[in-house]
Each structure stands twice: as C-alpha cells, then as structure tokens.
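protein.cif follows (mmCIF, C-alpha atoms and all ligand atoms):
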data_work
#
loop_
_atom_site.label_atom_id
_atom_site.label_comp_id
_atom_site.auth_asym_id
_atom_site.auth_seq_id
_atom_site.Cartn_x
_atom_site.Cartn_y
_atom_site.Cartn_z
CA MET F 1 30.94 -18.54 13.45
CA ARG F 2 28.41 -18.53 10.65
CA VAL F 3 26.69 -15.37 11.92
CA LEU F 4 30.04 -13.60 12.21
CA GLU F 5 30.80 -14.48 8.61
CA LEU F 6 27.45 -13.02 7.52
CA MET F 7 27.90 -9.89 9.62
CA ASN F 8 31.29 -9.28 8.02
CA TRP F 9 29.96 -9.93 4.52
CA ARG F 10 27.00 -7.58 4.73
CA TYR F 11 27.26 -3.82 4.52
CA ALA F 12 24.85 -0.95 3.98
CA THR F 13 24.88 -1.13 0.22
CA LYS F 14 24.89 2.28 -1.47
CA ALA F 15 24.48 1.22 -5.10
CA MET F 16 22.51 -1.74 -6.44
CA ASN F 17 22.56 -3.14 -9.97
CA GLY F 18 18.82 -3.61 -10.57
CA ASN F 19 18.99 -7.42 -10.83
CA LYS F 20 15.99 -9.36 -9.57
CA VAL F 21 16.22 -11.45 -6.42
CA ASP F 22 14.47 -14.84 -6.70
CA ASP F 23 11.06 -15.00 -5.07
CA GLU F 24 12.11 -17.97 -2.88
CA LYS F 25 14.91 -15.90 -1.38
CA ILE F 26 12.62 -12.93 -0.81
CA ASN F 27 10.03 -15.20 0.80
CA ARG F 28 12.59 -16.68 3.19
CA ILE F 29 13.82 -13.22 4.20
CA ILE F 30 10.25 -12.04 4.81
CA GLU F 31 9.47 -15.22 6.76
CA SER F 32 12.51 -14.60 9.00
CA ILE F 33 11.22 -11.11 9.68
CA ARG F 34 7.76 -12.52 10.45
CA LEU F 35 9.37 -14.82 13.03
CA SER F 36 11.14 -11.94 14.79
CA PRO F 37 10.46 -11.45 18.47
CA SER F 38 8.39 -8.46 19.62
CA SER F 39 7.09 -7.13 22.92
CA ILE F 40 4.42 -9.57 24.17
CA GLY F 41 4.44 -10.95 20.61
CA LEU F 42 2.21 -8.19 19.22
CA GLN F 43 4.12 -7.68 15.96
CA PRO F 44 2.85 -4.09 15.79
CA TYR F 45 3.89 -3.52 12.20
CA GLU F 46 3.26 -4.74 8.67
CA LEU F 47 5.55 -5.02 5.69
CA ILE F 48 4.85 -3.53 2.30
CA VAL F 49 7.09 -5.23 -0.28
CA VAL F 50 7.38 -3.14 -3.43
CA SER F 51 8.86 -4.60 -6.62
CA ASN F 52 6.83 -2.44 -9.01
CA PRO F 53 9.39 -0.32 -10.95
CA GLU F 54 7.20 2.80 -11.27
CA LEU F 55 6.32 2.76 -7.60
CA LYS F 56 9.97 2.31 -6.57
CA LYS F 57 10.83 5.32 -8.73
CA VAL F 58 8.20 7.46 -7.00
CA LEU F 59 9.29 6.26 -3.57
CA ARG F 60 12.88 7.25 -4.38
CA THR F 61 11.72 10.89 -4.52
CA ALA F 62 10.54 10.49 -0.90
CA GLY F 63 13.83 8.86 0.07
CA ASN F 64 16.38 11.63 -0.36
CA ASN F 65 16.88 10.37 -3.90
CA GLN F 66 18.82 7.35 -2.59
CA SER F 67 19.40 5.18 -5.66
CA GLN F 68 18.98 1.83 -3.87
CA ILE F 69 15.27 2.55 -3.46
CA GLU F 70 14.85 2.37 -7.22
CA ASP F 71 17.68 -0.02 -8.16
CA CYS F 72 16.85 -2.68 -5.59
CA SER F 73 14.85 -5.74 -6.53
CA HIS F 74 12.33 -5.45 -3.67
CA LEU F 75 11.84 -2.52 -1.36
CA VAL F 76 10.61 -3.54 2.08
CA VAL F 77 8.72 -0.81 3.93
CA PHE F 78 8.26 -1.33 7.67
CA ALA F 79 4.84 0.20 8.41
CA VAL F 80 4.18 0.50 12.13
CA TRP F 81 0.86 0.72 13.99
CA ASP F 82 0.08 4.34 14.76
CA GLN F 83 -1.58 3.33 18.03
CA TYR F 84 -2.24 0.35 20.30
CA THR F 85 -6.01 -0.09 20.11
CA PRO F 86 -8.10 -2.58 22.11
CA GLU F 87 -9.03 -4.29 18.81
CA ARG F 88 -5.41 -4.82 17.82
CA ILE F 89 -4.48 -6.13 21.26
CA HIS F 90 -7.50 -8.44 21.46
CA ALA F 91 -6.72 -9.84 18.01
CA TRP F 92 -3.29 -10.94 19.23
CA PHE F 93 -4.51 -12.53 22.46
CA ASP F 94 -7.29 -14.29 20.53
CA LEU F 95 -4.79 -15.61 17.98
CA VAL F 96 -2.63 -17.12 20.72
CA ASN F 97 -5.67 -18.84 22.22
CA GLU F 98 -6.70 -20.13 18.81
CA VAL F 99 -3.25 -21.41 17.76
CA ARG F 100 -2.37 -22.96 21.12
CA GLY F 101 -5.91 -24.17 21.80
CA VAL F 102 -5.82 -23.16 25.45
CA LYS F 103 -7.20 -20.25 27.42
CA SER F 104 -5.32 -19.68 30.65
CA GLU F 105 -6.35 -17.43 33.50
CA GLY F 106 -2.92 -15.80 33.66
CA TRP F 107 -2.97 -15.01 29.95
CA GLU F 108 -6.46 -13.47 30.20
CA ARG F 109 -5.36 -11.41 33.21
CA MET F 110 -2.44 -10.14 31.16
CA ARG F 111 -4.80 -9.32 28.26
CA ASN F 112 -7.07 -7.30 30.54
CA GLY F 113 -4.14 -5.46 32.08
CA ILE F 114 -2.72 -4.49 28.70
CA VAL F 115 -6.05 -3.62 27.06
CA SER F 116 -6.96 -1.36 29.95
CA SER F 117 -3.62 0.46 30.02
CA TRP F 118 -1.70 0.59 26.71
CA PRO F 119 -4.40 2.28 24.56
CA ASN F 120 -4.64 5.07 27.18
CA ARG F 121 -0.96 6.00 27.00
CA PRO F 122 0.09 8.96 24.78
CA GLN F 123 -0.15 7.93 21.14
CA GLU F 124 3.44 8.95 20.40
CA GLN F 125 4.69 6.75 23.26
CA ASN F 126 2.86 3.78 21.79
CA PHE F 127 4.06 4.53 18.28
CA ASN F 128 7.66 4.77 19.52
CA HIS F 129 7.32 1.48 21.38
CA ALA F 130 5.87 -0.16 18.29
CA SER F 131 8.68 1.29 16.17
CA MET F 132 11.28 -0.32 18.41
CA GLN F 133 9.79 -3.70 17.56
CA ALA F 134 10.22 -2.93 13.86
CA TYR F 135 13.90 -2.10 14.43
CA ILE F 136 14.43 -5.55 15.96
CA ALA F 137 12.81 -7.06 12.88
CA LEU F 138 15.00 -4.98 10.59
CA GLY F 139 18.08 -6.47 12.28
CA VAL F 140 16.77 -9.96 11.70
CA GLY F 141 16.00 -9.08 8.08
CA LEU F 142 19.53 -7.85 7.47
CA ILE F 143 21.03 -11.12 8.71
CA ALA F 144 18.46 -13.22 6.82
CA ALA F 145 19.28 -11.31 3.64
CA ALA F 146 23.00 -11.86 4.14
CA ASP F 147 22.33 -15.56 4.62
CA GLU F 148 20.80 -15.56 1.11
CA ARG F 149 23.76 -13.53 -0.18
CA VAL F 150 21.30 -10.75 -0.90
CA ASP F 151 22.41 -7.19 -0.22
CA ALA F 152 20.33 -4.88 1.91
CA THR F 153 20.44 -1.33 3.20
CA PRO F 154 18.88 -0.34 6.51
CA MET F 155 17.31 3.08 5.90
CA GLU F 156 15.69 5.80 7.91
CA GLY F 157 16.87 8.58 5.61
CA PHE F 158 13.50 9.26 4.01
CA ASN F 159 10.44 11.44 4.48
CA PRO F 160 7.96 9.20 6.34
CA SER F 161 4.91 11.38 5.72
CA GLU F 162 5.63 11.33 1.99
CA VAL F 163 6.03 7.54 1.96
CA ASP F 164 2.83 7.25 4.02
CA ARG F 165 0.99 9.41 1.49
CA ILE F 166 2.30 7.49 -1.54
CA LEU F 167 1.37 4.11 -0.04
CA GLY F 168 -1.85 5.28 1.65
CA LEU F 169 -0.62 4.03 5.03
CA ASN F 170 -2.34 6.49 7.37
CA GLU F 171 -5.77 5.30 6.24
CA LYS F 172 -4.78 1.87 7.50
CA GLY F 173 -3.55 3.15 10.86
CA LEU F 174 0.09 2.69 9.83
CA ARG F 175 3.18 4.90 9.60
CA SER F 176 6.40 4.09 7.76
CA VAL F 177 9.51 3.98 9.94
CA LEU F 178 12.14 2.03 8.02
CA LEU F 179 13.00 1.01 4.48
CA MET F 180 15.06 -2.02 3.50
CA PRO F 181 15.96 -2.27 -0.19
CA LEU F 182 16.92 -5.84 -1.12
CA GLY F 183 19.02 -6.48 -4.21
CA TYR F 184 22.54 -6.94 -5.46
CA ARG F 185 25.48 -4.61 -4.98
CA ASP F 186 26.93 -2.73 -7.95
CA GLU F 187 30.59 -3.18 -7.06
CA GLU F 188 31.84 -0.58 -9.52
CA LYS F 189 29.40 2.16 -8.60
CA ASP F 190 29.40 1.51 -4.86
CA TYR F 191 32.23 3.41 -3.14
CA LEU F 192 31.72 1.23 -0.04
CA SER F 193 31.77 -2.20 -1.70
CA GLN F 194 35.47 -2.76 -0.92
CA ALA F 195 35.69 -0.61 2.21
CA LYS F 196 36.85 -2.06 5.51
CA LYS F 197 34.24 -2.45 8.19
CA VAL F 198 34.65 0.16 10.92
CA ARG F 199 33.51 -0.60 14.46
CA LYS F 200 34.59 0.45 17.96
CA ALA F 201 37.32 -1.72 19.46
CA MET F 202 35.94 -4.56 21.58
CA VAL F 203 37.69 -3.17 24.65
CA ASN F 204 35.60 0.00 24.37
CA PHE F 205 32.44 -1.87 23.52
CA ALA F 206 31.72 -4.75 25.88
CA LYS F 207 32.59 -4.73 29.57
CA HIS F 208 32.64 -8.12 31.23
CA ILE F 209 31.78 -8.41 34.90
CA ASP F 210 32.85 -11.86 36.08
C1 LIG F 301 18.44 2.55 11.54
C2 LIG F 301 19.43 2.78 10.45
C3 LIG F 301 19.18 3.73 9.48
C4 LIG F 301 20.08 3.91 8.41
N1 LIG F 301 19.75 4.77 7.38
C5 LIG F 301 20.52 4.76 6.27
C6 LIG F 301 20.11 5.45 5.11
O1 LIG F 301 19.07 6.10 5.07
N2 LIG F 301 20.89 5.38 4.00
C7 LIG F 301 22.05 4.64 3.97
O2 LIG F 301 22.70 4.58 2.93
N3 LIG F 301 22.47 3.98 5.08
C8 LIG F 301 21.73 4.01 6.21
N4 LIG F 301 22.13 3.28 7.31
C9 LIG F 301 23.37 2.51 7.24
C10 LIG F 301 24.43 2.92 8.25
O3 LIG F 301 25.04 4.11 7.86
C11 LIG F 301 25.43 1.76 8.35
O4 LIG F 301 24.75 0.63 8.83
C12 LIG F 301 26.61 2.08 9.25
O5 LIG F 301 27.37 3.12 8.73
C13 LIG F 301 27.49 0.86 9.46
O6 LIG F 301 27.96 0.36 8.25
P1 LIG F 301 27.63 -1.10 7.68
O7 LIG F 301 26.18 -1.36 7.93
O8 LIG F 301 27.95 -0.98 6.22
O9 LIG F 301 28.51 -2.08 8.38
C14 LIG F 301 21.27 3.14 8.39
C15 LIG F 301 21.51 2.19 9.37
C16 LIG F 301 20.60 2.00 10.39
C17 LIG F 301 20.85 0.91 11.39
#
Transcribe the structure of this file into structure tokens.
Amino acid sequence: MRVLELMNWRYATKAMNGNKVDDEKINRIIESIRLSPSSIGLQPYELIVVSNPELKKVLRTAGNNQSQIEDCSHLVVFAVWDQYTPERIHAWFDLVNEVRGVKSEGWERMRNGIVSSWPNRPQEQNFNHASMQAYIALGVGLIAAADERVDATPMEGFNPSEVDRILGLNEKGLRSVLLMPLGYRDEEKDYLSQAKKVRKAMVNFAKHID
C-alpha cells in the first residue's frame, strides 16, 4: 500500500521552486540508488550529483532549456560505463571476494567466462546493456525520492554529448544517459502539479494466466 501511495504522489515535475533539499534526504536517496540491483551486480554507472548553481545553469543549456535542471536542489547525472573492460569486471569480482571473504570455484569460473566474452562484444551493445542498469536505478531513485517527499523528474531529453563535455565524462570512460533533478515542485508554475495521473487501464496492461 505504501508504495502505491508514493507512486500516486510522485509525478514528473516540470517546475521546481529552487528550495534546497536537506543533505540527509539526498544521501538516503543516493544510498537507495547505490543499493539498486544490476546485472551480475556490476553497477556499471556512476552518479554525478550537482548542486553548484553555476554548473546547473550551464547544464540547463544542454538539457533543452528544461527549467528543473537549474531550479532543482540537486541534479543527479547517471553516467554509464562506455565499455565493459577486463579491469572493470575484475574489480567487481575482487570486491565480492573481499567483502564476503570467500573465493568459490563457481564464482571464479563465472568471472573468467565474463571477462573473456563481454569486453569482446560490440562497444555499443555493452553501453546499451550498461544503460539498462542505470534505468533500473533511476526507477529506484524516483521511489526513494517520493518516500522523502522530494520531487524528481526522470529525464532523457538532453544532449548527452554536451553534458559529457561539460562534466568531462568521456575522459573517465563514462557517458551520460539520464538526468534526475531533485527538488520541490512549484505548484503555481507547474501545469502538471494538479493533473490526474494517466495510465493504461489494468485490463489492457496485465494479463493473468492462472
Ligand atoms: C526515461 C524517461 C525519460 C523522460 N524524460 C523526460 C524529460 O526529459 N523531461 C520531462 O519533463 N519528463 C520526462 N519524462 C517524464 C515522462 O514524460 C513521465 O514520466 C510520463 O509522462 C508519466 O507521467 P508521470 O511520471 O508524471 O506519472 C521522462 C520519463 C522517463 C521514464
């Protein structure tokens, strides 16, 4: 029930009022995103969290001039690995061994299988696969934000190469795929703040096979 309440409360906020969101709330939202599931646990993305006003203003120019990018409190940029490299894959398998304190044969077999195959696939295929993991995390972030009564907008309406250039992401082997401004809705300026939620009817959405 609680999740349904949050899902009905949240909406893709079009206008934010510039008020600051407390650091504790931001930290909990980011921590929820960090705990998101991902394919074999790789977490093939990083977050850049921008609260600097000048930088948000510049990023707005790369984001179709969407006002939330500047008027949010914190702008979360999902920056995805441009490629699966052996180093990145090994780092994950090593971390699991270190945290769990065990080294199993099955796990090492899986490591070898992935290291010898994934980096050889087309780069765009790997980038797309990595991006899908970031989309899962975005969904988690939206719910976590709603749980803090913080508004958020999922965004792919921006120029990724411009955002990459502004944040120097390519040099780090990263590419921006999603933005998530976090802040507070401006009820008067936001034409959607009182709008009814529109979704397909359940009968056209989920088919049960008993
Ligand atoms: C991946 C993704 C990208 C989106 N990009 C934008 C965007 O760039 N700007 C925007 O205002 N809304 C964007 N939206 C919001 C959708 O338009 C919105 O989620 C949808 O209309 C459903 O409305 P609701 O989220 O308010 O319930 C995006 C949503 C998703 C999931």
Could I get the residue neighbourhood of ligand LIG 301 (chain F) at 9 Å, counting only C-alpha atoms and all ligand atoms, as a ChimeraX atom specification?
-> /F:7-15,63-64,66,68,135,138-139,153-158,178-179,192-193,195-199
For the residues in the current selection, export C-alpha atoms as an mmCIF file, in the frame of the given file.
data_model
loop_
_atom_site.group_PDB
_atom_site.id
_atom_site.type_symbol
_atom_site.label_atom_id
_atom_site.label_comp_id
_atom_site.auth_asym_id
_atom_site.auth_seq_id
_atom_site.Cartn_x
_atom_site.Cartn_y
_atom_site.Cartn_z
ATOM 1 C CA MET F 7 27.900 -9.890 9.620
ATOM 2 C CA ASN F 8 31.290 -9.280 8.020
ATOM 3 C CA TRP F 9 29.960 -9.930 4.520
ATOM 4 C CA ARG F 10 27.000 -7.580 4.730
ATOM 5 C CA TYR F 11 27.260 -3.820 4.520
ATOM 6 C CA ALA F 12 24.850 -0.950 3.980
ATOM 7 C CA THR F 13 24.880 -1.130 0.220
ATOM 8 C CA LYS F 14 24.890 2.280 -1.470
ATOM 9 C CA ALA F 15 24.480 1.220 -5.100
ATOM 10 C CA GLY F 63 13.830 8.860 0.070
ATOM 11 C CA ASN F 64 16.380 11.630 -0.360
ATOM 12 C CA GLN F 66 18.820 7.350 -2.590
ATOM 13 C CA GLN F 68 18.980 1.830 -3.870
ATOM 14 C CA TYR F 135 13.900 -2.100 14.430
ATOM 15 C CA LEU F 138 15.000 -4.980 10.590
ATOM 16 C CA GLY F 139 18.080 -6.470 12.280
ATOM 17 C CA THR F 153 20.440 -1.330 3.200
ATOM 18 C CA PRO F 154 18.880 -0.340 6.510
ATOM 19 C CA MET F 155 17.310 3.080 5.900
ATOM 20 C CA GLU F 156 15.690 5.800 7.910
ATOM 21 C CA GLY F 157 16.870 8.580 5.610
ATOM 22 C CA PHE F 158 13.500 9.260 4.010
ATOM 23 C CA LEU F 178 12.140 2.030 8.020
ATOM 24 C CA LEU F 179 13.000 1.010 4.480
ATOM 25 C CA LEU F 192 31.720 1.230 -0.040
ATOM 26 C CA SER F 193 31.770 -2.200 -1.700
ATOM 27 C CA ALA F 195 35.690 -0.610 2.210
ATOM 28 C CA LYS F 196 36.850 -2.060 5.510
ATOM 29 C CA LYS F 197 34.240 -2.450 8.190
ATOM 30 C CA VAL F 198 34.650 0.160 10.920
ATOM 31 C CA ARG F 199 33.510 -0.600 14.460
#
Go through F:Ala146, F:Leu167, F:Ile69, F:Ile136 and flag the residue nearest Met180 (chain F), using only C-alpha atoms for the distances.
->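 Closest candidate: F:Ile69.
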In Å, rounded to a single decimal, give me how far CA of Arg28 (chain F) is from CA of Val76 (chain F).
-> 13.3 Å
Rows by chain and residue number, region 5-96 of chain F within 9 Å of region 103-115 of chain F, shortest pair, all atoms listed in the file, as JSON lines:
{"residue": "F:Tyr84", "atom": "CA", "partner": "F:Val115", "partner_atom": "CA", "distance": 8.7}
{"residue": "F:Thr85", "atom": "CA", "partner": "F:Val115", "partner_atom": "CA", "distance": 7.8}
{"residue": "F:Pro86", "atom": "CA", "partner": "F:Val115", "partner_atom": "CA", "distance": 5.5}
{"residue": "F:Glu87", "atom": "CA", "partner": "F:Val115", "partner_atom": "CA", "distance": 8.8}
{"residue": "F:Ile89", "atom": "CA", "partner": "F:Val115", "partner_atom": "CA", "distance": 6.5}
{"residue": "F:His90", "atom": "CA", "partner": "F:Arg111", "partner_atom": "CA", "distance": 7.4}
{"residue": "F:Phe93", "atom": "CA", "partner": "F:Arg111", "partner_atom": "CA", "distance": 6.6}
{"residue": "F:Val96", "atom": "CA", "partner": "F:Lys103", "partner_atom": "CA", "distance": 8.7}
Shell of 9 Å around Asn128 (chain F), all atoms listed in the file, local chain residues under 5 positions omitted, as a PyMOL selection string | chain F and resi 82+123+133
For Gln83 (chain F), the nearest of the candidates F:Leu95, F:Leu42, F:Val140, F:Ala130, counting all atoms listed in the file | F:Ala130
Write out as a list in words the residues lying within 7 Å of Val50 (chain F), counting all atoms listed in the file and excluding same-chain residues fewer than 6 positions away.
->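 Residues near the query, excluding close chain neighbours: Lys56, His74, Leu75 and Val76 of chain F.
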Missing atoms in region 135-158 of chain F need filling: write out N, CA, C and O atoms for it as a short mmCIF file (atom, residue, chain, number, x, y, z; two decimals), in the coordinates of the input.
data_model
loop_
_atom_site.label_atom_id
_atom_site.label_comp_id
_atom_site.auth_asym_id
_atom_site.auth_seq_id
_atom_site.Cartn_x
_atom_site.Cartn_y
_atom_site.Cartn_z
N TYR F 135 12.43 -2.15 14.54
CA TYR F 135 13.90 -2.10 14.43
C TYR F 135 14.52 -3.47 14.72
O TYR F 135 15.51 -3.85 14.10
N ILE F 136 13.94 -4.19 15.68
CA ILE F 136 14.43 -5.55 15.96
C ILE F 136 14.26 -6.40 14.69
O ILE F 136 15.17 -7.12 14.28
N ALA F 137 13.10 -6.27 14.07
CA ALA F 137 12.81 -7.06 12.88
C ALA F 137 13.74 -6.69 11.72
O ALA F 137 14.16 -7.55 10.94
N LEU F 138 14.05 -5.41 11.63
CA LEU F 138 15.00 -4.98 10.59
C LEU F 138 16.34 -5.71 10.76
O LEU F 138 16.93 -6.20 9.79
N GLY F 139 16.81 -5.79 12.02
CA GLY F 139 18.08 -6.47 12.28
C GLY F 139 18.04 -7.91 11.82
O GLY F 139 18.98 -8.42 11.19
N VAL F 140 16.94 -8.56 12.13
CA VAL F 140 16.77 -9.96 11.70
C VAL F 140 16.78 -10.03 10.18
O VAL F 140 17.42 -10.91 9.58
N GLY F 141 16.07 -9.10 9.55
CA GLY F 141 16.00 -9.08 8.08
C GLY F 141 17.36 -8.90 7.44
O GLY F 141 17.66 -9.52 6.41
N LEU F 142 18.19 -8.08 8.04
CA LEU F 142 19.53 -7.85 7.47
C LEU F 142 20.36 -9.14 7.50
O LEU F 142 21.06 -9.45 6.54
N ILE F 143 20.25 -9.87 8.60
CA ILE F 143 21.03 -11.12 8.71
C ILE F 143 20.44 -12.18 7.77
O ILE F 143 21.18 -12.91 7.10
N ALA F 144 19.11 -12.24 7.71
CA ALA F 144 18.46 -13.22 6.82
C ALA F 144 18.83 -12.93 5.37
O ALA F 144 19.07 -13.85 4.58
N ALA F 145 18.89 -11.66 5.01
CA ALA F 145 19.28 -11.31 3.64
C ALA F 145 20.71 -11.75 3.37
O ALA F 145 21.01 -12.37 2.33
N ALA F 146 21.60 -11.47 4.31
CA ALA F 146 23.00 -11.86 4.14
C ALA F 146 23.12 -13.38 3.98
O ALA F 146 23.94 -13.87 3.19
N ASP F 147 22.30 -14.10 4.70
CA ASP F 147 22.33 -15.56 4.62
C ASP F 147 21.96 -16.05 3.22
O ASP F 147 22.35 -17.13 2.79
N GLU F 148 21.18 -15.23 2.50
CA GLU F 148 20.80 -15.56 1.11
C GLU F 148 21.79 -14.94 0.12
O GLU F 148 21.56 -15.00 -1.09
N ARG F 149 22.81 -14.30 0.65
CA ARG F 149 23.76 -13.53 -0.18
C ARG F 149 23.00 -12.48 -1.01
O ARG F 149 23.28 -12.25 -2.18
N VAL F 150 22.05 -11.87 -0.32
CA VAL F 150 21.30 -10.75 -0.90
C VAL F 150 21.72 -9.49 -0.14
O VAL F 150 21.82 -9.51 1.09
N ASP F 151 22.01 -8.44 -0.88
CA ASP F 151 22.41 -7.19 -0.22
C ASP F 151 21.19 -6.42 0.26
O ASP F 151 20.10 -6.52 -0.32
N ALA F 152 21.43 -5.64 1.30
CA ALA F 152 20.33 -4.88 1.91
C ALA F 152 20.89 -3.59 2.50
O ALA F 152 22.06 -3.54 2.88
N THR F 153 20.04 -2.58 2.56
CA THR F 153 20.44 -1.33 3.20
C THR F 153 19.39 -0.97 4.25
O THR F 153 18.21 -0.83 3.91
N PRO F 154 19.83 -0.85 5.52
CA PRO F 154 18.88 -0.34 6.51
C PRO F 154 18.72 1.15 6.25
O PRO F 154 19.71 1.84 6.04
N MET F 155 17.51 1.67 6.27
CA MET F 155 17.31 3.08 5.90
C MET F 155 16.27 3.78 6.74
O MET F 155 15.13 3.33 6.83
N GLU F 156 16.70 4.90 7.34
CA GLU F 156 15.69 5.80 7.91
C GLU F 156 15.83 7.19 7.32
O GLU F 156 15.17 8.12 7.75
N GLY F 157 16.68 7.31 6.29
CA GLY F 157 16.87 8.58 5.61
C GLY F 157 15.82 8.78 4.54
O GLY F 157 16.11 8.72 3.34
N PHE F 158 14.58 9.00 4.97
CA PHE F 158 13.50 9.26 4.01
C PHE F 158 12.43 10.09 4.71
O PHE F 158 12.47 10.26 5.93
#
